[in-house]
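Structure data follow from run_6.txt (compact mmCIF, C-alpha atoms):
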```txt
# COMPACT_ATOMS: atom_id res chain seq x y z
CA MET B 78 88.27 143.48 174.27
CA ILE B 79 86.96 146.17 171.93
CA TYR B 80 84.31 148.59 173.13
CA ASP B 81 81.94 150.75 171.10
CA PHE B 82 81.05 154.43 171.60
CA TYR B 83 78.64 153.58 174.45
CA GLY B 84 81.15 151.42 176.34
CA GLU B 85 79.49 148.15 175.30
CA ILE B 86 81.61 145.17 174.27
CA MET B 87 81.53 144.99 170.47
CA LEU B 88 80.36 141.75 168.93
CA ASN B 89 82.64 139.81 166.61
CA ILE B 90 80.67 139.88 163.38
CA ASN B 91 83.37 138.42 161.13
CA ARG B 92 82.67 135.12 159.43
CA PRO B 93 84.10 132.02 161.19
CA ARG B 94 87.59 130.96 160.13
CA GLY B 95 87.59 128.53 157.23
CA THR B 96 84.31 129.72 155.71
CA ASN B 97 83.53 131.90 152.68
CA ASP B 98 80.99 134.48 151.58
CA PHE B 99 79.88 134.22 147.96
CA TYR B 100 78.03 137.16 146.43
CA TYR B 101 77.43 138.76 143.04
CA GLU B 102 80.12 137.47 140.67
CA SER B 103 81.48 134.70 142.92
CA ALA B 104 77.96 133.47 143.74
CA ASN B 105 77.06 133.51 140.04
CA ARG B 106 80.16 131.44 139.28
CA ILE B 107 79.29 128.84 141.90
CA GLU B 108 75.73 128.62 140.58
CA PHE B 109 76.97 128.35 136.99
CA ILE B 110 79.30 125.49 137.96
CA GLU B 111 76.57 123.66 139.88
CA ASN B 112 74.03 124.01 137.06
CA LYS B 113 76.45 122.63 134.48
CA ILE B 114 77.38 119.73 136.76
CA LYS B 115 73.71 118.91 137.41
CA HIS B 116 73.08 118.84 133.65
CA ILE B 117 75.92 116.36 133.10
CA ALA B 118 74.78 114.15 136.00
CA LYS B 119 71.33 113.92 134.42
CA LEU B 120 72.90 112.99 131.07
CA TYR B 121 74.22 109.89 132.82
CA GLY B 122 70.85 109.03 134.38
CA TYR B 123 71.41 110.38 137.92
CA SER B 124 68.62 111.87 140.03
CA ARG B 125 69.10 114.29 142.92
CA ILE B 126 68.96 113.28 146.58
CA ARG B 127 68.95 115.74 149.50
CA THR B 128 69.93 114.70 153.01
CA PRO B 129 70.15 116.60 156.34
CA LEU B 130 73.13 118.82 157.15
CA PHE B 131 73.63 116.85 160.39
CA GLU B 132 73.29 113.19 161.31
CA TYR B 133 73.75 111.05 164.39
CA THR B 134 77.48 110.77 165.02
CA ASP B 135 77.54 106.97 164.90
CA LEU B 136 76.69 107.10 161.19
CA PHE B 137 80.06 108.65 160.44
CA THR B 138 82.21 106.89 163.06
CA ARG B 139 80.99 103.48 161.88
CA GLY B 140 80.69 104.30 158.20
CA ILE B 141 83.82 106.37 157.54
CA GLY B 142 85.98 104.56 160.10
CA SER B 143 87.19 105.54 163.55
CA GLY B 144 90.82 105.40 162.41
CA THR B 145 90.45 108.05 159.71
CA ASP B 146 91.52 111.67 160.07
CA ILE B 147 87.95 112.79 159.37
CA VAL B 148 86.51 110.96 162.37
CA GLY B 149 89.54 111.34 164.60
CA LYS B 150 90.24 115.05 164.11
CA GLU B 151 87.92 116.82 161.71
CA MET B 152 84.26 116.39 162.69
CA PHE B 153 82.05 119.13 164.12
CA THR B 154 80.23 117.13 166.81
CA PHE B 155 77.79 118.41 169.43
CA GLU B 156 75.01 117.19 171.74
CA ASP B 157 71.38 118.14 171.31
CA ARG B 158 69.07 118.94 174.23
CA GLY B 159 68.40 115.26 174.74
CA GLY B 160 72.09 114.45 175.08
CA ARG B 161 72.28 112.72 171.69
CA SER B 162 75.52 113.15 169.76
CA LEU B 163 75.08 114.83 166.37
CA THR B 164 77.65 115.73 163.72
CA LEU B 165 77.62 118.18 160.84
CA ARG B 166 78.12 115.97 157.81
CA PRO B 167 81.81 115.82 156.78
CA GLU B 168 81.07 113.94 153.54
CA GLY B 169 78.03 112.80 151.57
CA THR B 170 78.25 109.05 151.01
CA ALA B 171 77.34 107.92 154.54
CA SER B 172 74.25 110.14 154.54
CA VAL B 173 73.13 108.82 151.13
CA VAL B 174 73.57 105.24 152.36
CA ARG B 175 71.53 105.99 155.47
CA ALA B 176 68.75 107.55 153.36
CA PHE B 177 68.90 104.64 150.90
CA ILE B 178 68.30 102.10 153.67
CA GLU B 179 65.85 104.10 155.78
CA ASN B 180 63.59 104.97 152.84
CA ASN B 181 63.82 101.55 151.13
CA ILE B 182 65.00 103.25 147.96
CA ASN B 183 66.34 99.92 146.68
CA GLN B 184 62.74 98.80 146.11
CA ASP B 185 62.31 101.31 143.29
CA PHE B 186 65.03 100.17 140.86
CA TYR B 187 67.64 97.44 140.58
CA ILE B 188 70.29 100.13 140.22
CA ASN B 189 69.91 103.52 141.87
CA LYS B 190 71.90 106.45 140.46
CA LEU B 191 71.82 109.38 142.87
CA PHE B 192 73.66 112.70 143.00
CA TYR B 193 73.89 115.43 145.61
CA ILE B 194 75.17 118.99 145.82
CA GLY B 195 75.50 120.31 149.34
CA THR B 196 77.52 121.82 152.14
CA MET B 197 79.99 119.72 154.15
CA TYR B 198 81.90 120.57 157.33
CA ARG B 199 85.35 119.55 158.54
CA ALA B 200 87.18 121.02 161.55
CA GLU B 201 90.62 121.15 159.97
CA ARG B 202 93.29 123.80 159.47
CA PRO B 203 92.01 126.07 156.70
CA GLN B 204 94.16 126.64 153.63
CA LYS B 205 93.60 127.35 149.95
CA GLY B 206 91.21 124.74 148.59
CA ARG B 207 90.54 123.26 152.03
CA TYR B 208 87.88 124.92 154.15
CA ARG B 209 85.87 124.12 157.27
CA GLU B 210 82.65 124.72 155.35
CA PHE B 211 82.74 123.68 151.71
CA ASN B 212 80.43 122.62 148.91
CA GLN B 213 80.59 119.22 147.30
CA PHE B 214 79.04 117.44 144.33
CA GLY B 215 78.83 113.69 144.62
CA ILE B 216 77.35 110.72 142.81
CA GLU B 217 76.45 107.31 144.20
CA CYS B 218 75.58 104.37 141.94
CA ILE B 219 74.09 101.65 144.15
CA GLY B 220 73.18 98.10 143.16
CA SER B 221 75.73 96.83 140.65
CA HIS B 222 78.92 94.75 140.96
CA SER B 223 79.90 95.55 137.37
CA PRO B 224 83.37 97.06 136.87
CA VAL B 225 81.92 98.83 133.83
CA ILE B 226 79.97 101.04 136.26
CA ASP B 227 83.27 101.99 137.91
CA ALA B 228 84.59 103.11 134.54
CA GLU B 229 81.41 105.08 133.81
CA VAL B 230 81.63 106.90 137.16
CA ILE B 231 85.22 107.86 136.34
CA SER B 232 84.14 108.88 132.84
CA LEU B 233 81.39 111.13 134.22
CA ASN B 234 83.90 112.97 136.39
CA ILE B 235 86.32 113.43 133.49
CA HIS B 236 83.38 114.65 131.39
CA ILE B 237 82.73 117.38 133.96
CA LEU B 238 86.35 118.54 133.91
CA LYS B 239 86.45 118.54 130.11
CA GLU B 240 83.20 120.51 129.99
CA PHE B 241 84.99 123.27 131.88
CA GLY B 242 88.08 123.02 129.67
CA ILE B 243 90.28 121.50 132.37
CA ASP B 244 92.84 119.24 130.74
CA ASN B 245 96.07 119.47 132.78
CA ILE B 246 95.10 116.55 135.01
CA ASN B 247 96.32 113.12 136.07
CA LEU B 248 93.86 110.29 136.69
CA LEU B 249 95.22 107.90 139.35
CA ILE B 250 93.58 104.52 139.96
CA ASN B 251 94.25 101.53 142.19
CA THR B 252 92.59 98.45 143.63
CA VAL B 253 92.39 98.05 147.41
CA GLY B 254 90.91 94.55 147.35
CA CYS B 255 87.96 93.27 149.33
CA SER B 256 87.31 91.92 152.82
CA LYS B 257 88.70 88.54 151.74
CA CYS B 258 92.07 89.74 150.43
CA LYS B 259 92.73 92.96 152.34
CA PRO B 260 94.15 91.06 155.36
CA ASN B 261 96.78 89.49 153.07
CA TYR B 262 97.95 92.91 151.97
CA ASP B 263 97.84 94.30 155.51
CA ASN B 264 100.25 91.56 156.61
CA ALA B 265 102.55 92.17 153.64
CA LEU B 266 102.59 95.91 154.34
CA LYS B 267 103.36 95.38 158.03
CA GLU B 268 106.25 93.13 157.12
CA ALA B 269 107.60 95.63 154.58
CA LEU B 270 107.45 98.53 157.04
CA SER B 271 108.49 96.71 160.20
CA SER B 272 112.19 97.56 159.94
CA ARG B 273 111.43 101.30 159.66
CA LYS B 274 108.45 101.53 161.99
CA ASP B 275 110.34 103.75 164.44
CA GLU B 276 110.93 106.34 161.68
CA LEU B 277 107.22 106.86 161.06
CA CYS B 278 105.42 109.92 162.43
CA ASP B 279 103.58 109.43 165.73
CA THR B 280 100.21 109.16 163.98
CA CYS B 281 101.47 106.46 161.61
CA LYS B 282 103.10 104.52 164.44
CA ASN B 283 99.60 104.18 165.87
CA ARG B 284 98.20 103.36 162.42
CA TYR B 285 100.75 100.56 162.03
CA ASP B 286 98.94 98.53 164.69
CA ASN B 287 95.37 99.78 164.25
CA ASN B 288 94.79 100.74 160.60
CA ILE B 289 97.92 100.25 158.56
CA LEU B 290 96.44 101.30 155.21
CA ARG B 291 96.10 104.85 156.53
CA ILE B 292 99.91 105.10 156.49
CA LEU B 293 99.72 105.19 152.69
CA ASP B 294 97.52 108.28 152.91
CA CYS B 295 99.91 110.20 155.22
CA LYS B 296 101.17 113.56 153.92
CA ASN B 297 104.30 113.55 156.10
CA GLU B 298 107.33 113.61 153.76
CA LYS B 299 109.28 111.04 155.78
CA CYS B 300 106.35 108.62 155.85
CA ARG B 301 105.87 109.03 152.10
CA GLU B 302 109.54 108.29 151.52
CA ILE B 303 109.36 105.17 153.71
CA THR B 304 106.37 103.86 151.71
CA ASN B 305 107.90 104.47 148.28
CA ASN B 306 108.84 100.83 147.72
CA ILE B 307 105.88 99.11 149.36
CA PRO B 308 104.31 95.93 147.95
CA LYS B 309 101.61 96.56 145.37
CA PHE B 310 98.01 95.84 146.30
CA TYR B 311 97.46 94.22 142.90
CA ASP B 312 99.92 91.42 143.74
CA TYR B 313 97.95 90.43 146.86
CA VAL B 314 94.30 90.75 145.84
CA CYS B 315 92.10 87.76 145.10
CA ASP B 316 91.29 86.62 141.56
CA GLU B 317 87.89 88.33 141.67
CA CYS B 318 89.37 91.71 142.62
CA ARG B 319 92.18 91.37 140.09
CA GLU B 320 89.73 90.58 137.30
CA HIS B 321 87.52 93.49 138.38
CA PHE B 322 90.43 95.92 138.24
CA ASP B 323 91.64 94.59 134.88
CA ILE B 324 88.20 95.20 133.36
CA VAL B 325 88.08 98.76 134.77
CA CYS B 326 91.46 99.47 133.15
CA ASP B 327 90.33 97.87 129.90
CA GLU B 328 87.15 99.96 129.80
CA LEU B 329 89.13 103.17 130.41
CA ASN B 330 91.46 102.20 127.56
CA LYS B 331 88.46 101.69 125.28
CA LEU B 332 87.40 105.25 126.14
CA ASN B 333 90.94 106.47 125.31
CA GLN B 334 91.20 107.73 128.87
CA LYS B 335 94.78 107.94 130.10
CA PHE B 336 95.45 106.87 133.68
CA ILE B 337 98.25 106.06 136.10
CA ILE B 338 98.11 103.03 138.40
CA ASP B 339 99.18 104.33 141.82
CA PRO B 340 99.77 101.48 144.33
CA LYS B 341 99.66 103.98 147.24
CA LEU B 342 96.22 105.36 146.39
CA VAL B 343 93.88 104.26 149.18
CA ARG B 344 91.94 107.52 149.68
CA GLY B 345 91.12 108.85 153.17
CA LEU B 346 88.11 106.68 154.01
CA ASP B 347 87.90 103.13 155.33
CA TYR B 348 84.87 101.97 153.37
CA TYR B 349 86.50 101.61 149.94
CA THR B 350 86.79 98.19 148.28
CA LYS B 351 88.31 97.24 144.93
CA THR B 352 88.50 100.38 142.74
CA THR B 353 89.77 103.70 144.07
CA PHE B 354 90.54 106.72 141.92
CA GLU B 355 91.60 110.34 142.17
CA VAL B 356 92.09 113.20 139.73
CA GLN B 357 94.95 115.57 140.49
CA THR B 358 95.90 118.93 139.04
CA ASN B 359 99.00 121.07 139.52
CA THR B 360 97.00 124.28 139.95
CA LEU B 361 95.97 123.60 143.56
CA GLY B 362 99.40 123.57 145.15
CA ALA B 363 99.69 121.06 147.99
CA GLN B 364 95.97 120.27 147.74
CA SER B 365 96.37 118.64 144.34
CA ALA B 366 93.28 116.39 144.34
CA ILE B 367 90.25 117.98 142.71
CA LEU B 368 88.04 114.88 142.93
CA GLY B 369 88.11 111.25 143.96
CA GLY B 370 86.06 108.20 144.71
CA GLY B 371 85.80 104.46 144.49
CA ARG B 372 83.77 101.34 145.16
CA TYR B 373 82.29 100.52 148.58
CA ASP B 374 80.60 97.12 148.40
CA ASN B 375 80.49 96.52 152.17
CA LEU B 376 79.45 99.91 153.54
CA ILE B 377 75.69 99.44 153.16
CA GLY B 378 75.87 96.09 154.97
CA ILE B 379 77.17 97.83 158.11
CA PHE B 380 73.81 99.57 158.48
CA ASN B 381 71.66 96.96 156.73
CA ASN B 382 71.86 93.96 159.09
CA GLY B 383 74.89 92.62 157.23
CA LYS B 384 73.14 92.58 153.84
CA ASP B 385 75.74 94.05 151.49
CA ILE B 386 74.69 95.96 148.40
CA PRO B 387 77.43 96.89 145.91
CA ALA B 388 78.01 100.58 145.19
CA VAL B 389 80.48 103.03 143.70
CA GLY B 390 80.68 106.80 144.02
CA SER B 391 82.75 109.96 143.84
CA ALA B 392 82.88 113.56 145.01
CA ILE B 393 84.15 116.89 143.63
CA GLY B 394 84.94 119.91 145.76
CA ILE B 395 83.13 122.87 144.19
CA GLU B 396 85.50 125.46 145.69
CA ARG B 397 88.50 123.51 144.43
CA LEU B 398 86.97 123.36 140.98
CA LEU B 399 86.40 127.11 141.12
CA ILE B 400 90.04 127.73 142.08
CA VAL B 401 91.28 125.60 139.18
CA LEU B 402 89.05 127.44 136.72
CA GLU B 403 90.15 130.85 137.99
CA ASN B 404 93.85 129.88 137.93
CA GLN B 405 93.49 128.68 134.35
CA GLU B 406 91.48 131.79 133.47
CA LYS B 407 88.69 129.63 132.10
CA LYS B 408 85.32 131.14 131.24
CA ILE B 409 83.17 130.12 134.18
CA ASP B 410 80.19 132.46 134.09
CA ASP B 411 78.06 133.02 131.01
CA ASP B 412 74.98 133.87 133.07
CA ARG B 413 75.20 137.57 132.29
CA LEU B 414 72.28 139.94 132.61
CA ASP B 415 70.64 140.31 129.20
CA VAL B 416 69.37 143.90 129.45
CA PHE B 417 69.98 146.94 131.63
CA ILE B 418 67.39 149.70 131.27
CA ILE B 419 68.60 153.28 130.84
CA ALA B 420 65.87 155.84 131.60
CA PHE B 421 65.41 159.56 132.29
CA ASP B 422 63.33 161.14 135.06
CA SER B 423 60.51 161.70 132.62
CA THR B 424 60.56 158.15 131.22
CA GLU B 425 61.07 156.15 134.41
CA LYS B 426 57.31 155.54 134.58
CA TYR B 427 57.64 153.26 131.53
CA VAL B 428 60.43 151.11 132.99
CA LEU B 429 58.41 148.50 134.91
CA ASP B 430 56.11 147.87 131.93
CA ILE B 431 59.10 147.41 129.62
CA MET B 432 60.82 145.06 132.04
CA GLN B 433 57.64 143.03 132.47
CA LYS B 434 57.45 142.58 128.69
CA LEU B 435 61.11 141.50 128.54
CA ARG B 436 60.82 139.06 131.46
CA ALA B 437 57.70 137.52 129.91
CA LYS B 438 59.92 136.62 126.94
CA GLY B 439 62.55 135.07 129.22
CA ILE B 440 64.94 138.02 128.92
CA SER B 441 66.66 138.96 132.19
CA CYS B 442 66.75 142.68 132.92
CA ASP B 443 67.30 145.27 135.61
CA TYR B 444 67.28 149.03 136.20
CA SER B 445 69.05 151.42 138.55
CA PHE B 446 66.29 152.71 140.78
CA SER B 447 68.66 155.01 142.66
CA SER B 448 70.53 157.01 140.03
CA LYS B 449 68.85 159.13 137.34
CA ASN B 450 72.20 160.17 135.88
CA ILE B 451 72.47 158.55 132.43
CA LYS B 452 76.26 158.32 132.54
CA ASN B 453 76.14 156.57 135.91
CA GLN B 454 73.47 154.17 134.65
CA PHE B 455 75.74 153.12 131.77
CA LYS B 456 78.59 152.62 134.25
CA VAL B 457 76.39 150.25 136.25
CA ALA B 458 75.35 148.40 133.10
CA ASN B 459 79.00 147.86 132.14
CA LYS B 460 80.09 146.95 135.66
CA ILE B 461 77.54 144.16 136.00
CA GLY B 462 78.32 142.91 132.50
CA ALA B 463 74.93 143.42 130.86
CA LYS B 464 74.80 142.36 127.21
CA TYR B 465 72.46 145.13 126.07
CA ALA B 466 71.23 148.52 127.20
CA VAL B 467 67.64 149.43 126.41
CA ILE B 468 67.46 153.22 126.34
CA VAL B 469 64.06 154.76 127.12
CA GLY B 470 64.13 158.30 125.71
CA GLU B 471 61.34 160.88 125.47
CA GLU B 472 61.42 161.19 121.68
CA GLU B 473 61.57 157.43 121.24
CA ILE B 474 58.58 156.90 123.55
CA LYS B 475 56.54 159.30 121.41
CA ARG B 476 57.30 157.13 118.38
CA GLY B 477 56.60 153.89 120.30
CA VAL B 478 60.19 152.65 120.17
CA VAL B 479 63.28 152.24 122.37
CA LYS B 480 66.95 152.25 121.49
CA ILE B 481 68.87 149.01 121.95
CA LYS B 482 72.64 149.14 122.35
CA ASN B 483 74.85 146.07 122.17
CA LEU B 484 77.35 146.80 124.93
CA ASP B 485 79.89 144.29 123.61
CA ILE B 486 80.28 145.83 120.15
CA ALA B 487 78.78 149.31 120.76
CA GLU B 488 76.22 148.97 117.96
CA GLU B 489 72.80 150.57 118.33
CA ARG B 490 69.38 150.25 116.70
CA GLU B 491 65.70 150.84 117.46
CA SER B 492 62.95 148.35 118.29
CA SER B 493 59.20 148.54 118.86
CA ILE B 494 58.38 149.10 122.53
CA GLU B 495 55.51 146.62 122.27
CA ASN B 496 57.73 143.84 120.91
CA ILE B 497 61.34 144.50 121.84
CA GLU B 498 63.74 142.40 119.77
CA LEU B 499 67.41 142.17 120.74
CA PHE B 500 70.09 141.68 118.12
```

Rewrite the coordinates I just gave you, this time as structure tokens.
Amino acid sequence: MIYDFYGEIMLNINRPRGTNDFYYESANRIEFIENKIKHIAKLYGYSRIRTPLFEYTDLFTRGIGSGTDIVGKEMFTFEDRGGRSLTLRPEGTASVVRAFIENNINQDFYINKLFYIGTMYRAERPQKGRYREFNQFGIECIGSHSPVIDAEVISLNIHILKEFGIDNINLLINTVGCSKCKPNYDNALKEALSSRKDELCDTCKNRYDNNILRILDCKNEKCREITNNIPKFYDYVCDECREHFDIVCDELNKLNQKFIIDPKLVRGLDYYTKTTFEVQTNTLGAQSAILGGGRYDNLIGIFNNGKDIPAVGSAIGIERLLIVLENQEKKIDDDRLDVFIIAFDSTEKYVLDIMQKLRAKGISCDYSFSSKNIKNQFKVANKIGAKYAVIVGEEEIKRGVVKIKNLDIAEERESSIENIELF
């Protein structure tokens, strides 16, 4: 234990492991990313939905699947004062589905296009790009069986990456069938792996009997080697699922979107049907997936008295996106301060009036209220990346003007104090 000067036990005031603090530049970058993503989502007709940070635990155990790593090992679960089990949301889709049903959102439109940006929680071993508290952007398109919607959801995600200049990516897609044809593939997979079952990791030995598809999502090198020559889902799906997948591929080809069909791509959640997809990049190390998603035609029925409603969605990890942008040295923050005011002791009394005039015109501005040293004020202006300095000098005030300096190119001119015009 560590004691302070008075002999009291010192409190641990460090942030919890697997969490991050974002402030100044990093906070601005996150906000810039989120604002650009929200703009793109609205271009595609999506409206925002906000759901609670915690839900009743059964929502996730039934929706995500009890055999998944998320439910089995990664949820932050606790009891409230009434003894009810609650869980900090580990992903967004289950919460959106719950809100969709509870609020009868399906009565508003035939197709509901919803997006969310929010904090998720998973109790896993922290590493770069994988945190216990993280931010996620997701979209959910509910109400259509059309494979064209699948292609549009994929296209929206690629649009986001292109908007940030991210191009060193691989789009992986697969079909995981439906409730009618999945059992056929499960049996084929069991038969293919039966001779090497004893070589699987302990977790996958359990999955072999309880949830065999999860073996395909295992990161253990030996398990991945064993599953290299597995049967392909496409060869076992029903005609409806095969046709659905063929149309998705055809639509992506029409959009000139390159993709790789990965027969092992099942994603880490049990609710997927038909289309699954993932975008990978080599700038995240072992955590190569930057986004993923797929169709989930039977999830809503679990909570809706068996009445299925088709849906497809995806999610992007904001922190992962930020890491990719920083590694590629992409421009990720153009939300610079427009103006920093430079004033003397004798002219400080004019500062608030000047800033009020600038802000009324939509020009962001600030002033150092602590330092009257002009050199130090310029240092602050440059450090925070202000575009312009507005210099409030005594002689200029007498003439009703201020000096404006472009801090990027070091050019300077004067402007009327009553109608300040930047250049």

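Of the listed residues B:Lys434, B:Arg139, B:Arg344, B:Arg209, the one whose atoms come nearest to Val356 (chain B) is B:Arg344, with distances taken using only C-alpha atoms.
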
Which polymer residues have any atom within 10 Å of an atom of Asn297 (chain B), counting only C-alpha atoms, with same-chain residues fewer than 2 positions away left out, as an mmCIF file with C-alpha atoms, in the coordinates of the input?
```cif
data_model
loop_
_atom_site.group_PDB
_atom_site.id
_atom_site.type_symbol
_atom_site.label_atom_id
_atom_site.label_comp_id
_atom_site.auth_asym_id
_atom_site.auth_seq_id
_atom_site.Cartn_x
_atom_site.Cartn_y
_atom_site.Cartn_z
ATOM 1 C CA LEU B 277 107.220 106.860 161.060
ATOM 2 C CA CYS B 278 105.420 109.920 162.430
ATOM 3 C CA THR B 280 100.210 109.160 163.980
ATOM 4 C CA CYS B 281 101.470 106.460 161.610
ATOM 5 C CA ILE B 292 99.910 105.100 156.490
ATOM 6 C CA ASP B 294 97.520 108.280 152.910
ATOM 7 C CA CYS B 295 99.910 110.200 155.220
ATOM 8 C CA LYS B 299 109.280 111.040 155.780
ATOM 9 C CA CYS B 300 106.350 108.620 155.850
ATOM 10 C CA ARG B 301 105.870 109.030 152.100
ATOM 11 C CA GLU B 302 109.540 108.290 151.520
#
```

Compile a residue-level contact table for region 341-435 of chain B against region 285-290 of chain B at a cut-off of 12 Å, reporting for every qualifying residue the shortest atom pair and its distance in Å to one decimal, with only C-alpha atoms counted, rows ordered by chain and ascending number, as a Markdown table.
```
| residue | atom | partner | partner_atom | distance |
| --- | --- | --- | --- | --- |
| B:Lys341 | CA | B:Leu290 | CA | 9.0 |
| B:Leu342 | CA | B:Leu290 | CA | 9.7 |
| B:Val343 | CA | B:Leu290 | CA | 7.2 |
| B:Arg344 | CA | B:Leu290 | CA | 9.5 |
| B:Gly345 | CA | B:Leu290 | CA | 9.5 |
| B:Leu346 | CA | B:Leu290 | CA | 10.0 |
| B:Asp347 | CA | B:Leu290 | CA | 8.7 |
| B:Tyr348 | CA | B:Leu290 | CA | 11.7 |
| B:Tyr349 | CA | B:Leu290 | CA | 11.3 |
```

field: Best match for closeness to Arg413 (chain B) among B:Asn245, B:Ser221, B:Asn483, B:Asn105, counting only C-alpha atoms
entry: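 Smallest separation from Arg413 (chain B) among the options: B:Asn105.
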
- line: Using all atoms listed in the file, the best pick from B:Phe192, B:Asn330, B:Lys452, B:Gly95 as closest to Ala392 (chain B) would be B:Phe192

- line: Between CA of Gly370 (chain B) and CA of Thr352 (chain B) lies a distance of 8.4 Å
